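What follows is the content of coords-v4.txt (compact mmCIF, C-alpha atoms and all ligand atoms).
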```txt
# COMPACT_ATOMS: atom_id res chain seq x y z
CA MET A 1 92.06 83.23 106.27
CA ARG A 2 89.75 86.28 106.25
CA ILE A 3 86.53 86.04 108.21
CA ASP A 4 83.47 88.03 107.16
CA ILE A 5 81.70 89.84 109.99
CA LEU A 6 78.59 91.59 108.67
CA GLY A 7 80.36 92.44 105.41
CA VAL A 8 83.73 93.49 106.84
CA GLY A 9 86.67 91.10 106.45
CA PHE A 10 89.00 90.27 109.36
CA ASP A 11 92.27 88.35 109.34
CA ASN A 12 92.00 85.54 111.84
CA LEU A 13 95.46 85.77 113.37
CA THR A 14 97.03 85.95 116.82
CA PRO A 15 98.77 89.24 117.75
CA GLU A 16 102.16 87.61 117.00
CA GLN A 17 101.03 86.34 113.61
CA MET A 18 99.56 89.76 112.84
CA ALA A 19 102.90 91.42 113.68
CA ASP A 20 104.77 88.89 111.51
CA MET A 21 102.44 89.74 108.62
CA GLY A 22 103.03 93.45 109.24
CA MET A 23 106.80 92.97 109.13
CA ALA A 24 106.46 90.92 105.94
CA LEU A 25 104.48 93.76 104.33
CA LEU A 26 107.16 96.23 105.43
CA SER A 27 109.72 94.31 103.44
CA THR A 28 107.53 93.82 100.37
CA GLU A 29 107.78 96.27 97.45
CA GLY A 30 104.84 98.62 96.97
CA PHE A 31 102.33 100.23 99.31
CA HIS A 32 100.17 98.28 101.76
CA TYR A 33 97.76 99.36 104.47
CA ALA A 34 96.28 97.88 107.61
CA VAL A 35 92.92 98.67 109.21
CA THR A 36 91.68 98.26 112.78
CA PRO A 37 87.88 97.97 112.61
CA ASN A 38 85.73 97.97 115.75
CA PRO A 39 81.91 97.60 115.95
CA GLU A 40 81.51 101.31 115.21
CA PHE A 41 83.34 100.81 111.89
CA ILE A 42 81.08 97.87 110.96
CA LEU A 43 77.94 99.94 111.53
CA ALA A 44 79.32 102.94 109.63
CA ALA A 45 80.49 100.76 106.72
CA LYS A 46 76.95 99.41 106.29
CA LYS A 47 75.90 102.91 105.28
CA GLN A 48 79.05 104.04 103.42
CA PRO A 49 80.09 101.84 100.49
CA GLU A 50 83.37 103.75 100.05
CA PHE A 51 84.32 103.11 103.65
CA LEU A 52 83.45 99.43 103.28
CA ALA A 53 85.61 99.22 100.14
CA ALA A 54 88.51 100.90 101.93
CA LEU A 55 88.23 98.42 104.82
CA ASN A 56 87.97 95.37 102.60
CA GLY A 57 90.73 96.60 100.31
CA ALA A 58 93.24 96.56 103.17
CA ASP A 59 96.16 94.15 103.18
CA LEU A 60 95.64 93.46 106.87
CA SER A 61 92.50 93.81 108.98
CA MET A 62 92.51 93.27 112.73
CA PRO A 63 89.61 93.06 115.19
CA ASP A 64 90.15 96.14 117.34
CA GLY A 65 87.25 95.72 119.73
CA ILE A 66 85.79 93.03 121.93
CA GLY A 67 82.42 93.52 120.19
CA VAL A 68 83.92 92.19 116.94
CA VAL A 69 85.13 89.07 118.75
CA TYR A 70 81.65 88.52 120.26
CA ALA A 71 79.94 89.10 116.90
CA ALA A 72 82.25 86.50 115.30
CA ARG A 73 81.32 84.03 118.02
CA ILE A 74 77.60 84.66 117.52
CA LEU A 75 78.06 84.11 113.77
CA GLY A 76 79.73 80.77 114.48
CA ARG A 77 83.07 81.87 112.99
CA PRO A 78 85.17 82.56 116.07
CA LEU A 79 88.23 84.77 115.77
CA LYS A 80 91.48 83.96 117.59
CA GLY A 81 90.97 87.08 119.69
CA ARG A 82 91.20 90.81 119.78
CA VAL A 83 94.21 92.52 118.22
CA PRO A 84 94.22 96.18 119.29
CA GLY A 85 95.75 98.37 116.59
CA ILE A 86 97.84 100.22 119.15
CA ASP A 87 99.46 96.96 120.34
CA PHE A 88 100.09 95.92 116.74
CA ALA A 89 101.72 99.29 116.01
CA SER A 90 103.83 99.12 119.19
CA THR A 91 105.15 95.67 118.27
CA LEU A 92 106.06 96.85 114.78
CA LEU A 93 107.78 99.95 116.18
CA ALA A 94 109.85 97.77 118.54
CA ARG A 95 110.87 95.48 115.71
CA LEU A 96 111.51 98.36 113.33
CA ALA A 97 113.75 100.00 115.94
CA GLN A 98 116.02 96.94 115.90
CA GLN A 99 116.76 97.60 112.25
CA GLU A 100 116.85 101.40 112.62
CA GLY A 101 113.72 101.67 110.50
CA ARG A 102 111.85 104.86 109.66
CA VAL A 103 108.35 105.90 110.73
CA PHE A 104 106.24 109.01 109.99
CA LEU A 105 103.37 110.08 112.28
CA LEU A 106 100.31 111.67 110.68
CA GLY A 107 97.29 112.81 112.66
CA SER A 108 95.91 114.33 115.87
CA LYS A 109 95.74 117.94 116.95
CA PRO A 110 98.66 120.28 116.26
CA GLY A 111 101.61 119.48 118.51
CA VAL A 112 100.45 116.00 119.48
CA ALA A 113 102.24 114.04 116.72
CA GLU A 114 105.41 115.93 117.61
CA GLN A 115 105.02 114.97 121.26
CA ALA A 116 104.34 111.36 120.24
CA ALA A 117 107.50 111.39 118.12
CA GLU A 118 109.56 112.45 121.13
CA LYS A 119 108.02 109.74 123.36
CA LEU A 120 108.51 107.04 120.73
CA ARG A 121 112.18 107.97 120.23
CA GLN A 122 112.69 107.50 123.97
CA ALA A 123 110.70 104.25 124.12
CA TYR A 124 112.32 102.64 121.09
CA PRO A 125 116.00 103.57 120.80
CA GLY A 126 117.13 103.04 117.22
CA LEU A 127 113.76 104.00 115.77
CA VAL A 128 114.00 106.85 113.27
CA VAL A 129 110.89 109.03 113.58
CA CYS A 130 111.55 110.81 110.32
CA GLY A 131 108.65 113.25 110.42
CA ASN A 132 105.21 114.16 111.72
CA HIS A 133 102.20 116.23 110.70
CA ASP A 134 98.94 117.07 112.46
CA GLY A 135 95.66 115.70 111.14
CA TYR A 136 93.85 118.97 110.49
CA PHE A 137 95.14 119.90 107.04
CA GLN A 138 93.04 121.08 104.10
CA GLU A 139 95.12 119.92 101.15
CA ASP A 140 96.58 116.48 100.68
CA ALA A 141 99.35 117.29 98.20
CA PRO A 142 101.77 119.18 100.52
CA VAL A 143 101.34 116.51 103.21
CA ILE A 144 102.01 113.70 100.74
CA GLU A 145 105.11 115.52 99.55
CA GLU A 146 106.35 115.97 103.11
CA ILE A 147 105.90 112.26 103.84
CA GLN A 148 107.52 111.25 100.58
CA SER A 149 110.63 113.32 101.18
CA ALA A 150 110.97 111.96 104.75
CA GLN A 151 111.13 108.43 103.23
CA PRO A 152 109.37 106.43 105.95
CA GLU A 153 108.86 102.70 105.67
CA LEU A 154 105.98 102.80 108.15
CA LEU A 155 103.27 105.47 108.27
CA LEU A 156 100.96 105.75 111.29
CA VAL A 157 97.71 107.48 110.34
CA GLY A 158 95.46 108.79 113.14
CA LEU A 159 92.77 110.84 111.44
CA GLY A 160 89.76 109.00 112.89
CA ALA A 161 87.48 106.71 110.88
CA PRO A 162 86.52 106.75 108.06
CA LYS A 163 88.84 109.62 107.15
CA GLN A 164 92.04 107.66 107.80
CA GLU A 165 90.98 104.60 105.76
CA LEU A 166 89.83 106.71 102.81
CA TRP A 167 93.03 108.74 103.04
CA MET A 168 95.30 105.69 103.10
CA ARG A 169 93.52 104.05 100.18
CA LYS A 170 93.61 107.17 98.03
CA ASN A 171 96.95 108.70 98.94
CA GLY A 172 98.99 105.88 100.43
CA PRO A 173 100.75 104.78 97.22
CA ALA A 174 102.01 108.34 96.57
CA THR A 175 103.68 108.57 99.99
CA GLY A 176 106.30 105.97 99.12
CA ALA A 177 105.75 104.18 102.46
CA ARG A 178 105.58 100.39 102.50
CA LEU A 179 102.90 100.08 105.17
CA ALA A 180 100.34 102.51 106.63
CA ILE A 181 98.21 101.70 109.65
CA GLY A 182 94.92 103.47 110.45
CA LEU A 183 95.13 104.01 114.18
CA GLY A 184 92.34 106.31 115.39
CA GLY A 185 93.42 108.08 118.57
CA ALA A 186 96.62 106.05 119.13
CA LEU A 187 98.93 109.02 118.54
CA ASP A 188 97.20 110.77 121.45
CA VAL A 189 98.06 107.74 123.60
CA PHE A 190 101.68 107.61 122.37
CA ALA A 191 101.96 111.33 123.14
CA GLY A 192 100.58 110.83 126.65
CA VAL A 193 97.64 113.14 125.93
CA THR A 194 95.10 110.37 126.56
CA GLU A 195 95.50 107.28 128.67
CA ARG A 196 94.68 103.71 127.80
CA ALA A 197 92.74 101.51 130.19
CA PRO A 198 94.93 99.63 132.67
CA VAL A 199 95.89 96.10 131.51
CA PHE A 200 93.44 94.59 134.02
CA TRP A 201 90.51 96.26 132.23
CA GLN A 202 91.94 95.34 128.82
CA LYS A 203 92.17 91.66 129.78
CA LEU A 204 88.56 91.66 130.93
CA GLY A 205 87.54 93.05 127.54
CA LEU A 206 86.31 96.23 129.24
CA GLU A 207 88.58 98.80 127.64
CA TRP A 208 85.49 100.38 126.09
CA LEU A 209 83.87 100.82 129.52
CA TYR A 210 86.98 102.48 130.93
CA ARG A 211 87.02 104.81 127.94
CA LEU A 212 83.37 105.61 128.54
CA PHE A 213 84.11 106.59 132.15
CA ARG A 214 86.94 108.84 131.00
CA GLU A 215 85.11 110.32 128.02
CA PRO A 216 81.38 110.17 128.87
CA TRP A 217 80.41 112.08 125.71
CA ARG A 218 81.22 108.86 123.84
CA ILE A 219 77.92 107.41 125.05
CA LYS A 220 76.27 108.93 121.98
CA ARG A 221 78.57 106.87 119.76
CA MET A 222 78.63 103.75 121.93
CA ILE A 223 74.91 103.38 122.52
CA LYS A 224 74.52 101.90 119.04
CA LEU A 225 77.26 99.33 119.39
CA PRO A 226 75.19 96.42 120.77
CA LEU A 227 73.39 96.61 117.41
CA VAL A 228 76.36 94.77 115.91
CA LEU A 229 75.65 91.79 118.17
CA TRP A 230 71.97 91.96 117.29
CA TYR A 231 72.74 92.01 113.54
CA ALA A 232 75.11 89.07 114.01
CA PHE A 233 72.36 87.17 115.83
CA ILE A 234 69.87 87.86 113.04
CA ALA A 235 72.43 86.88 110.39
CA ARG A 236 73.12 83.62 112.23
CA LEU A 237 69.38 82.85 112.40
CA ARG A 238 69.15 83.41 108.68
CA GLY A 239 72.15 81.17 108.15
CA GLY A 240 74.27 83.92 106.57
CA GLY A 241 76.88 86.49 107.49
CA ARG A 242 75.49 89.75 106.15
N1 LIG B 1 91.63 113.56 113.96
C1 LIG B 1 92.46 114.18 113.03
N2 LIG B 1 91.89 114.86 112.01
C2 LIG B 1 90.55 114.98 111.84
C3 LIG B 1 89.71 114.31 112.78
C4 LIG B 1 90.28 113.62 113.82
O1 LIG B 1 93.67 114.10 113.14
O2 LIG B 1 90.12 115.62 110.89
C5 LIG B 1 92.24 112.80 115.04
C6 LIG B 1 91.81 113.20 116.43
O3 LIG B 1 92.59 114.30 116.87
C7 LIG B 1 92.11 111.94 117.20
C8 LIG B 1 91.83 110.85 116.16
O4 LIG B 1 91.86 111.47 114.91
O5 LIG B 1 93.46 111.89 117.56
C9 LIG B 1 90.48 110.16 116.31
O6 LIG B 1 90.32 109.76 117.55
P1 LIG B 1 89.06 108.96 118.04
O7 LIG B 1 89.30 108.75 119.47
O8 LIG B 1 87.79 109.59 117.57
O9 LIG B 1 89.22 107.65 117.20
P2 LIG B 1 89.06 106.18 117.68
O10 LIG B 1 90.30 105.89 118.47
O11 LIG B 1 87.78 106.13 118.45
O12 LIG B 1 89.00 105.47 116.36
```
Take the structure in the file and write it out as structure tokens.
Amino acid sequence: MRIDILGVGFDNLTPEQMADMGMALLSTEGFHYAVTPNPEFILAAKKQPEFLAALNGADLSMPDGIGVVYAARILGRPLKGRVPGIDFASTLLARLAQQEGRVFLLGSKPGVAEQAAEKLRQAYPGLVVCGNHDGYFQEDAPVIEEIQSAQPELLLVGLGAPKQELWMRKNGPATGARLAIGLGGALDVFAGVTERAPVFWQKLGLEWLYRLFREPWRIKRMIKLPLVLWYAFIARLRGGGR
């Protein structure tokens, strides 16, 4: 069941159920894509109809942020919990490795996807990282062609939002992949270029605070995030969800 949070749809699944759905999409003909919206996405989508359409057109949408879980609670439509995109991707990579599946990495600064490929090959023996490309290209066509000839089943797209969602929606079908996941800065984490918050912080729902300590410039982006909770509160008072 998809839950509407201020206009953006979220699949109300546990991390395991989300991974099962991901695997099912990987073995279903045609192209599919998954999105990982956080409160920042919800605020941006309010102002960008194309971004909203790309989010709501996804085959799978997971709440990648504690703020989304709180907003759902305020709206009276609680979600089963947070499903970080990076955890979802890691689970799929582990399962894909068991069947010697193929993944292509697209995004991040030059060199980073390559580094991530190396780390993922070590972490998931059996996994075929069939190609990678940085996220700072001008033309789509050569990149699509490169992905297509590498024949991945899974495509990890880390171009930042909303670029990655718009890119997947527009170009995904031409890549020949079965499933693409919009993953923000996850390739940087896989490469070891940036670090995720320790599990203790993650469990407390404070991954955002850890990130803020590490990357203080994010305050400019984060300062607006409590607005999502405020909008949810107003929507609840009005008896609606938008
Ligand atoms: N990025 C990219 N191409 C661009 C803009 C950004 O590949 O044109 C990458 C950037 O290098 C980073 C990721 O997209 O790896 C976005 O990271 P950010 O931390 O902003 O995203 P978040 O995780 O917050 O969604």
For Gly76 in chain A, which of A:Phe31, A:Asp4, A:Lys46, A:Arg221 is the closest residue, counting all atoms listed in the file?
-> A:Asp4
Cut-off 7 Å: closest range 14-127 of chain A/range 174-180 of chain A atom pairs per residue, using only C-alpha atoms, as JSON lines:
```
{"residue": "A:Leu25", "atom": "CA", "partner": "A:Leu179", "partner_atom": "CA", "distance": 6.6}
{"residue": "A:Leu26", "atom": "CA", "partner": "A:Arg178", "partner_atom": "CA", "distance": 5.3}
{"residue": "A:Glu29", "atom": "CA", "partner": "A:Arg178", "partner_atom": "CA", "distance": 6.9}
{"residue": "A:Gly30", "atom": "CA", "partner": "A:Arg178", "partner_atom": "CA", "distance": 5.9}
{"residue": "A:Phe31", "atom": "CA", "partner": "A:Arg178", "partner_atom": "CA", "distance": 4.6}
{"residue": "A:His32", "atom": "CA", "partner": "A:Leu179", "partner_atom": "CA", "distance": 4.7}
{"residue": "A:Tyr33", "atom": "CA", "partner": "A:Ala180", "partner_atom": "CA", "distance": 4.6}
{"residue": "A:Ala34", "atom": "CA", "partner": "A:Ala180", "partner_atom": "CA", "distance": 6.2}
```
May I ask which of the residues A:Leu127, A:Gly172, A:Val103, A:Phe200 is the closest one to Glu145 in chain A, counting all atoms listed in the file?
-> A:Gly172
Between CA of Leu43 in chain A and CA of Leu105 in chain A, measure the distance and give it in Å to one decimal.
->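 Between these atoms lies a distance of 27.4 Å.
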Against ligand LIG 1 (chain B), which residues of chain A fall within 6 Å? For each one I want the closest pair of atoms and the distance in Å (one decimal), counting all atoms listed in the file, rows by chain and increasing residue number, as JSON lines.
```
{"residue": "A:Gly107", "atom": "CA", "partner": "B:LIG1", "partner_atom": "O1", "distance": 3.9}
{"residue": "A:Ser108", "atom": "CA", "partner": "B:LIG1", "partner_atom": "O3", "distance": 3.5}
{"residue": "A:Lys109", "atom": "CA", "partner": "B:LIG1", "partner_atom": "O3", "distance": 4.8}
{"residue": "A:Gly135", "atom": "CA", "partner": "B:LIG1", "partner_atom": "O1", "distance": 3.2}
{"residue": "A:Tyr136", "atom": "CA", "partner": "B:LIG1", "partner_atom": "N2", "distance": 4.8}
{"residue": "A:Gly158", "atom": "CA", "partner": "B:LIG1", "partner_atom": "O4", "distance": 4.8}
{"residue": "A:Leu159", "atom": "CA", "partner": "B:LIG1", "partner_atom": "O4", "distance": 3.6}
{"residue": "A:Gly160", "atom": "CA", "partner": "B:LIG1", "partner_atom": "C9", "distance": 3.7}
{"residue": "A:Ala161", "atom": "CA", "partner": "B:LIG1", "partner_atom": "O12", "distance": 5.8}
{"residue": "A:Gly184", "atom": "CA", "partner": "B:LIG1", "partner_atom": "O12", "distance": 3.6}
{"residue": "A:Gly185", "atom": "CA", "partner": "B:LIG1", "partner_atom": "O6", "distance": 3.7}
{"residue": "A:Asp188", "atom": "CA", "partner": "B:LIG1", "partner_atom": "O5", "distance": 5.5}
```
Residue with smallest distance to Phe10 in chain A - pool A:Asn171, A:Asn38, A:Ser61, A:Thr28, counting all atoms listed in the file = A:Ser61
Find, counting all atoms listed in the file, the residue in A:Arg73, A:Ala53, A:Ser90, A:Lys47 that gets nearest to Lys170 in chain A.
->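 Using all atoms listed in the file, the shortest distance to Lys170 in chain A belongs to A:Ala53.
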Taking into account only C-alpha atoms, which residue in the set A:Ala186, A:Leu60, A:Val69, A:Met222 is nearest to Glu40 in chain A?
->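 Under the stated criterion, the closest residue is A:Met222.
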If we count all atoms listed in the file, what is near Ala54 in chain A at a cut-off of 9 Å, once residues fewer than 5 positions away on the same chain are taken out, given as a PyMOL selection string?
-> chain A and resi 35+49+162+165-166+168-170
Can you tell me, as a ChimeraX atom specification, what residues are no more than 10 Å from range 203-209 of chain A when counting all atoms listed in the file, ignoring any on the same chain fewer than 2 positions away?
-> /A:65-67,69,82,196-201,211-216,218-219,222
What is the distance, in Å and to one decimal place, between CA of Gln151 in chain A and CA of Pro63 in chain A?
-> 29.0 Å
